[in-house]
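*Asks:* Data file protein_26.cif (mmCIF, C-alpha atoms and all ligand atoms) is appended below.
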data_entry
loop_
_atom_site.label_atom_id
_atom_site.label_comp_id
_atom_site.auth_asym_id
_atom_site.auth_seq_id
_atom_site.Cartn_x
_atom_site.Cartn_y
_atom_site.Cartn_z
CA MET Y 1 58.99 25.92 7.29
CA SER Y 2 58.00 27.09 3.82
CA ALA Y 3 56.16 30.40 3.46
CA PRO Y 4 52.39 30.32 4.00
CA VAL Y 5 50.09 29.92 1.00
CA LEU Y 6 46.54 30.99 1.86
CA ILE Y 7 43.55 30.82 -0.46
CA LEU Y 8 40.48 32.98 0.15
CA LEU Y 9 37.34 31.47 -1.33
CA GLY Y 10 33.97 33.19 -1.51
CA PRO Y 11 31.54 34.87 -3.90
CA PRO Y 12 31.95 38.47 -5.10
CA GLY Y 13 31.33 40.77 -2.15
CA ALA Y 14 32.32 38.23 0.51
CA GLY Y 15 35.22 40.49 1.53
CA LYS Y 16 38.17 38.59 0.03
CA GLY Y 17 40.01 41.73 -1.08
CA THR Y 18 39.37 43.64 2.15
CA GLN Y 19 40.48 40.76 4.33
CA ALA Y 20 43.48 39.95 2.11
CA ARG Y 21 44.76 43.51 2.58
CA MET Y 22 44.30 43.16 6.33
CA LEU Y 23 46.19 39.85 6.36
CA GLU Y 24 48.98 41.63 4.48
CA GLU Y 25 49.13 44.23 7.26
CA ASP Y 26 48.79 41.74 10.11
CA PHE Y 27 51.10 38.97 8.89
CA GLY Y 28 53.39 40.57 6.29
CA LEU Y 29 52.00 38.35 3.54
CA ILE Y 30 51.53 39.37 -0.11
CA GLN Y 31 48.04 39.66 -1.61
CA LEU Y 32 47.79 38.16 -5.09
CA SER Y 33 44.47 39.16 -6.64
CA THR Y 34 43.94 37.86 -10.16
CA GLY Y 35 41.11 40.41 -10.52
CA ASP Y 36 43.57 43.25 -9.77
CA LEU Y 37 46.18 41.74 -12.11
CA LEU Y 38 43.59 41.45 -14.88
CA ARG Y 39 42.31 45.01 -14.33
CA ALA Y 40 45.92 46.23 -14.56
CA ALA Y 41 46.35 44.31 -17.83
CA VAL Y 42 43.13 45.84 -19.20
CA ALA Y 43 44.27 49.34 -18.18
CA ALA Y 44 47.70 48.79 -19.76
CA GLY Y 45 46.09 47.52 -22.97
CA THR Y 46 48.18 44.33 -23.12
CA VAL Y 47 47.14 41.48 -25.42
CA ALA Y 48 45.79 39.53 -22.43
CA GLY Y 49 44.00 42.65 -21.18
CA LYS Y 50 42.30 43.17 -24.53
CA GLN Y 51 41.09 39.57 -24.52
CA ALA Y 52 39.88 39.73 -20.92
CA LYS Y 53 38.04 43.08 -21.00
CA ALA Y 54 34.68 42.09 -22.49
CA VAL Y 55 34.59 38.82 -20.52
CA MET Y 56 35.09 40.70 -17.25
CA GLU Y 57 32.47 43.31 -18.12
CA ALA Y 58 29.98 40.48 -18.74
CA GLY Y 59 30.69 38.97 -15.31
CA GLN Y 60 32.09 35.75 -16.83
CA LEU Y 61 35.37 34.02 -16.04
CA VAL Y 62 38.47 34.80 -18.09
CA SER Y 63 40.09 31.71 -19.65
CA ASP Y 64 42.38 29.61 -17.46
CA ASP Y 65 45.27 30.16 -19.92
CA ILE Y 66 45.22 33.93 -19.54
CA VAL Y 67 44.74 33.87 -15.78
CA LEU Y 68 47.49 31.30 -15.22
CA ALA Y 69 49.93 33.25 -17.39
CA ILE Y 70 49.48 36.48 -15.41
CA LEU Y 71 49.56 34.65 -12.08
CA LYS Y 72 52.79 32.82 -12.97
CA ASP Y 73 54.39 36.13 -13.96
CA ARG Y 74 53.43 37.64 -10.63
CA MET Y 75 54.60 34.59 -8.68
CA ALA Y 76 58.01 34.88 -10.32
CA GLN Y 77 58.64 38.13 -8.41
CA PRO Y 78 60.80 37.85 -5.29
CA ASP Y 79 58.38 39.40 -2.74
CA VAL Y 80 56.13 36.30 -2.84
CA ALA Y 81 58.77 34.51 -0.76
CA LYS Y 82 57.15 36.21 2.28
CA GLY Y 83 54.06 34.06 1.77
CA ILE Y 84 50.92 34.74 -0.26
CA ILE Y 85 47.19 35.22 0.04
CA LEU Y 86 45.45 34.18 -3.16
CA ASP Y 87 42.39 36.40 -3.59
CA GLY Y 88 40.04 35.35 -6.40
CA PHE Y 89 42.21 32.44 -7.51
CA PRO Y 90 41.70 29.56 -8.12
CA ARG Y 91 38.20 29.90 -9.56
CA THR Y 92 37.94 26.66 -11.59
CA ALA Y 93 38.95 23.02 -11.12
CA GLY Y 94 41.57 23.51 -13.86
CA GLN Y 95 43.11 26.47 -12.01
CA ALA Y 96 43.16 24.50 -8.75
CA ALA Y 97 44.99 21.62 -10.44
CA ALA Y 98 47.46 24.03 -12.08
CA LEU Y 99 48.10 25.68 -8.70
CA ASP Y 100 48.90 22.29 -7.15
CA VAL Y 101 51.51 21.70 -9.88
CA LEU Y 102 52.97 25.21 -9.56
CA LEU Y 103 53.35 24.87 -5.80
CA ALA Y 104 54.77 21.34 -6.00
CA GLU Y 105 57.41 22.60 -8.46
CA ALA Y 106 58.35 25.31 -5.97
CA GLY Y 107 58.44 22.83 -3.06
CA GLN Y 108 55.44 24.55 -1.43
CA LYS Y 109 51.97 23.52 -0.43
CA ILE Y 110 48.68 25.11 0.54
CA THR Y 111 48.58 26.16 4.17
CA ALA Y 112 44.84 26.76 4.24
CA ALA Y 113 41.91 27.45 1.93
CA ILE Y 114 39.51 29.67 3.84
CA SER Y 115 35.90 29.84 2.71
CA LEU Y 116 34.21 33.17 3.53
CA GLU Y 117 30.62 32.08 4.08
CA VAL Y 118 27.93 34.63 3.18
CA ASP Y 119 24.32 34.97 1.96
CA ASP Y 120 24.16 35.55 -1.79
CA GLU Y 121 21.35 38.09 -1.69
CA ALA Y 122 23.30 40.38 0.62
CA MET Y 123 26.20 40.30 -1.85
CA VAL Y 124 24.33 42.25 -4.51
CA GLY Y 125 23.98 45.22 -2.13
CA ARG Y 126 27.52 44.89 -0.83
CA VAL Y 127 29.11 44.89 -4.29
CA SER Y 128 26.84 47.49 -5.89
CA GLY Y 129 27.75 50.14 -3.30
CA ARG Y 130 31.50 49.74 -3.16
CA TYR Y 131 34.27 52.02 -4.37
CA THR Y 132 38.01 52.34 -3.89
CA CYS Y 133 40.50 55.13 -3.28
CA ALA Y 134 43.43 55.35 -5.71
CA CYS Y 135 45.61 54.06 -2.80
CA GLY Y 136 43.63 50.80 -2.74
CA GLU Y 137 41.54 51.43 0.40
CA GLY Y 138 38.00 50.14 -0.09
CA TYR Y 139 34.78 51.94 0.92
CA HIS Y 140 31.04 51.36 0.69
CA ASP Y 141 28.14 53.82 0.29
CA GLU Y 142 26.34 52.24 3.24
CA PHE Y 143 28.71 50.07 5.28
CA LYS Y 144 32.05 51.87 5.24
CA ARG Y 145 32.04 55.61 4.51
CA PRO Y 146 35.19 57.71 4.98
CA ALA Y 147 35.16 59.77 8.21
CA VAL Y 148 35.20 62.97 6.09
CA ALA Y 149 33.02 62.65 2.98
CA GLY Y 150 35.13 62.42 -0.17
CA VAL Y 151 38.48 62.10 1.66
CA CYS Y 152 40.27 58.78 2.10
CA ASP Y 153 40.84 57.88 5.79
CA LYS Y 154 44.07 56.17 4.93
CA CYS Y 155 45.94 58.50 2.55
CA GLY Y 156 43.91 61.74 2.50
CA GLY Y 157 43.37 61.32 -1.26
CA THR Y 158 40.21 62.47 -2.99
CA THR Y 159 40.28 60.30 -6.12
CA PHE Y 160 37.93 57.33 -5.93
CA LYS Y 161 36.80 54.83 -8.53
CA ARG Y 162 34.08 52.24 -9.01
CA ARG Y 163 34.60 49.02 -10.94
CA ALA Y 164 32.75 48.66 -14.25
CA ASP Y 165 31.50 45.20 -13.18
CA ASP Y 166 30.20 46.29 -9.74
CA ASN Y 167 26.58 46.80 -10.78
CA ALA Y 168 23.58 44.72 -9.70
CA GLU Y 169 23.09 42.98 -13.05
CA THR Y 170 26.72 41.92 -13.51
CA VAL Y 171 26.98 40.88 -9.86
CA ARG Y 172 24.19 38.36 -10.44
CA ASP Y 173 26.12 36.91 -13.41
CA ARG Y 174 29.29 36.79 -11.29
CA LEU Y 175 27.39 34.96 -8.53
CA THR Y 176 26.13 32.43 -11.08
CA ALA Y 177 29.69 31.88 -12.35
CA TYR Y 178 30.86 31.48 -8.74
CA HIS Y 179 28.33 28.76 -7.94
CA ALA Y 180 28.85 26.88 -11.21
CA GLN Y 181 32.64 26.98 -11.38
CA THR Y 182 34.20 28.04 -8.07
CA ALA Y 183 32.02 26.76 -5.21
CA PRO Y 184 32.94 23.10 -6.02
CA LEU Y 185 36.50 23.97 -4.95
CA ILE Y 186 35.30 24.10 -1.33
CA ALA Y 187 34.80 20.32 -1.43
CA TYR Y 188 38.12 19.92 -3.28
CA TYR Y 189 40.05 21.62 -0.48
CA GLU Y 190 37.99 19.88 2.19
CA GLY Y 191 39.13 16.59 0.64
CA LYS Y 192 42.74 17.74 0.90
CA GLY Y 193 42.25 18.50 4.61
CA VAL Y 194 43.13 22.22 4.28
CA LEU Y 195 39.67 23.82 4.36
CA GLU Y 196 38.63 26.34 7.01
CA ARG Y 197 35.26 28.08 7.06
CA ILE Y 198 34.48 31.48 8.54
CA ASP Y 199 31.16 33.30 8.89
CA ALA Y 200 31.74 36.44 6.81
CA MET Y 201 28.36 38.15 7.34
CA GLY Y 202 29.49 40.02 10.47
CA ASN Y 203 31.50 43.23 10.73
CA ILE Y 204 34.88 43.61 9.05
CA ALA Y 205 36.86 43.88 12.31
CA ASP Y 206 35.39 40.66 13.77
CA ILE Y 207 36.09 38.74 10.57
CA ARG Y 208 39.64 40.09 10.59
CA THR Y 209 40.07 38.78 14.15
CA GLY Y 210 38.63 35.38 13.23
CA LEU Y 211 40.85 35.05 10.18
CA GLY Y 212 43.86 36.16 12.20
CA GLN Y 213 43.20 33.37 14.68
CA ILE Y 214 43.04 30.81 11.89
CA VAL Y 215 46.29 32.05 10.34
CA ALA Y 216 48.12 32.33 13.66
CA GLY Y 217 46.94 28.79 14.49
CA MET Y 218 48.46 27.53 11.23
CA ALA Y 219 51.80 29.11 12.00
CA ALA Y 220 51.89 27.70 15.55
P1 LIG T 1 37.51 39.93 -8.86
O1 LIG T 1 38.27 41.21 -8.73
O2 LIG T 1 38.19 38.78 -8.17
O3 LIG T 1 36.05 40.07 -8.45
O4 LIG T 1 37.49 39.55 -10.41
C1 LIG T 1 36.89 40.40 -11.36
C2 LIG T 1 36.71 39.66 -12.66
O5 LIG T 1 38.00 39.28 -13.17
C3 LIG T 1 35.92 38.36 -12.57
O6 LIG T 1 34.52 38.56 -12.64
C4 LIG T 1 36.47 37.60 -13.78
O7 LIG T 1 35.93 38.10 -14.98
C5 LIG T 1 37.94 37.98 -13.75
N1 LIG T 1 38.75 37.06 -12.92
C6 LIG T 1 39.43 37.36 -11.77
N2 LIG T 1 40.08 36.29 -11.30
C7 LIG T 1 39.79 35.27 -12.16
C8 LIG T 1 40.14 33.89 -12.19
N3 LIG T 1 40.92 33.33 -11.23
N4 LIG T 1 39.68 33.15 -13.23
C9 LIG T 1 38.90 33.69 -14.19
N5 LIG T 1 38.52 34.98 -14.20
C10 LIG T 1 38.95 35.77 -13.20
#
Would you mind writing the file's structure down as structure tokens?
*Replies:*
Amino acid sequence: MSAPVLILLGPPGAGKGTQARMLEEDFGLIQLSTGDLLRAAVAAGTVAGKQAKAVMEAGQLVSDDIVLAILKDRMAQPDVAKGIILDGFPRTAGQAAALDVLLAEAGQKITAAISLEVDDEAMVGRVSGRYTCACGEGYHDEFKRPAVAGVCDKCGGTTFKRRADDNAETVRDRLTAYHAQTAPLIAYYEGKGVLERIDAMGNIADIRTGLGQIVAGMAA
């Protein structure tokens, strides 16, 4: 059987990144987040990063060409043979079509596209309050504080950061972009017979369990 290819769909704040990291831990898969790859390109000051920076700060989508180039680079690395969780990709019909071609060339196909179903209004609060430890562990001012204030539960680190685009105004623009360009992909994957839906308004542990059941069911 070829390695699993999972897609997590959902608006900003739905929990794609959090759940992707948990699926990595639970199933040994590799999280591929185009947002993380783009932020790394911005931080490194690459040509693609320079082009993407202002677009990301405005809460708009970066061009398919740039996103596909960085994703292809990442997919050329050997660890992806373990199976992947695509987090934040595809986000447009063009990206979905390009992914189909990329996978077909590699003799792979989509195992499941899982839609994390949430209420938009709650997303503004979820995204505005979030921050991350340098080790990658995510926290939230209200919903997920570290056990000891200012100290990461996972690595003991004390360096945290907030994303430039995680403010209420930009979140609304990101939600608009999601509904205009990404939400139609739910019907696209439903048509392909690979769509799963999960209620993602509950607590993180319950959603992790639900997702785990879906993924384990696919492997069975
Ligand atoms: P994320 O970390 O997934 O919330 O993405 C942060 C920002 O990076 C988005 O608001 C977009 O500007 C950009 N981005 C991430 N992934 C994509 C993608 N697949 N297509 C276009 N832009 C993207």
*Asks:* Is it possible to get the axis-aligned box enclosing ligand LIG 1 (chain T) (all listed atoms, 3 Å extra per side) as lines of an AutoDock Vina configuration file, with centre and edge lengths in Å rounded to one decimal?
*Replies:*
center_x = 37.7
center_y = 37.2
center_z = -11.6
size_x = 12.4
size_y = 14.1
size_z = 12.8
*Asks:* Could you pull out the residues sitting within 6 Å of ligand LIG 1 (chain T), using only C-alpha atoms and all ligand atoms, and write them as an NGL selection string?
*Replies:* :Y and (12 or 34-36 or 55-56 or 59-63 or 67 or 88-91 or 174)
*Asks:* Atoms to include: C-alpha atoms. Write the selected residues as an mmCIF file, in the coordinates of the input.
*Replies:*
data_model
loop_
_atom_site.group_PDB
_atom_site.id
_atom_site.type_symbol
_atom_site.label_atom_id
_atom_site.label_comp_id
_atom_site.auth_asym_id
_atom_site.auth_seq_id
_atom_site.Cartn_x
_atom_site.Cartn_y
_atom_site.Cartn_z
ATOM 1 C CA PRO Y 12 31.950 38.470 -5.100
ATOM 2 C CA THR Y 34 43.940 37.860 -10.160
ATOM 3 C CA GLY Y 35 41.110 40.410 -10.520
ATOM 4 C CA ASP Y 36 43.570 43.250 -9.770
ATOM 5 C CA VAL Y 55 34.590 38.820 -20.520
ATOM 6 C CA MET Y 56 35.090 40.700 -17.250
ATOM 7 C CA GLY Y 59 30.690 38.970 -15.310
ATOM 8 C CA GLN Y 60 32.090 35.750 -16.830
ATOM 9 C CA LEU Y 61 35.370 34.020 -16.040
ATOM 10 C CA VAL Y 62 38.470 34.800 -18.090
ATOM 11 C CA SER Y 63 40.090 31.710 -19.650
ATOM 12 C CA VAL Y 67 44.740 33.870 -15.780
ATOM 13 C CA GLY Y 88 40.040 35.350 -6.400
ATOM 14 C CA PHE Y 89 42.210 32.440 -7.510
ATOM 15 C CA PRO Y 90 41.700 29.560 -8.120
ATOM 16 C CA ARG Y 91 38.200 29.900 -9.560
ATOM 17 C CA ARG Y 174 29.290 36.790 -11.290
#
*Asks:* Would you kindly return, as number ranges by chain, each protein, DNA or RNA residue with an atom no farther than 12 Å from any atom of Leu68 in chain Y, considering only C-alpha atoms and excluding same-chain residues fewer than 2 positions away?
*Replies:* Y: 34, 37-38, 48, 62-66, 70-75, 89-92, 94-99, 101-102
*Asks:* Suppose you want the space between CA of Cys133 in chain Y and CA of Pro146 in chain Y; what is it in Å?
*Replies:* 10.2 Å
*Asks:* Looking at Y:Ala69, Y:Gly107, Y:Ala149, Y:Gly15, which one is nearest to Arg126 in chain Y, with distances taken over all atoms listed in the file?
*Replies:*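 Answer, going by the shortest atom-to-atom distance: Y:Gly15.
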*Asks:* Please compute the CA of Ser128 in chain Y-CA of Ala14 in chain Y distance, one decimal, in Å.
*Replies:*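 Interatomic distance, CA of Ser128 in chain Y to CA of Ala14 in chain Y: 12.5 Å.
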*Asks:* Calculated over only C-alpha atoms, which of the candidates Y:Met218, Y:Leu86, Y:Ala76, Y:Val5 has the smallest distance to Leu32 in chain Y?
*Replies:*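 Nearest candidate to Leu32 in chain Y out of Y:Met218, Y:Leu86, Y:Ala76, Y:Val5: Y:Leu86.
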*Asks:* Nearest to Asp165 in chain Y: which of Y:Arg145, Y:Arg21, Y:Lys16, Y:Arg39 is it, counting only C-alpha atoms?
*Replies:*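 Ranked by minimum distance to Asp165 in chain Y, first place goes to Y:Arg39.
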*Asks:* Which is closest to Ala187 in chain Y among Y:Cys152, Y:Val171, Y:Val80, Y:Ala113, if we use all atoms listed in the file?
*Replies:*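 Looking at the shortest contact to Ala187 in chain Y, the residue is Y:Ala113.
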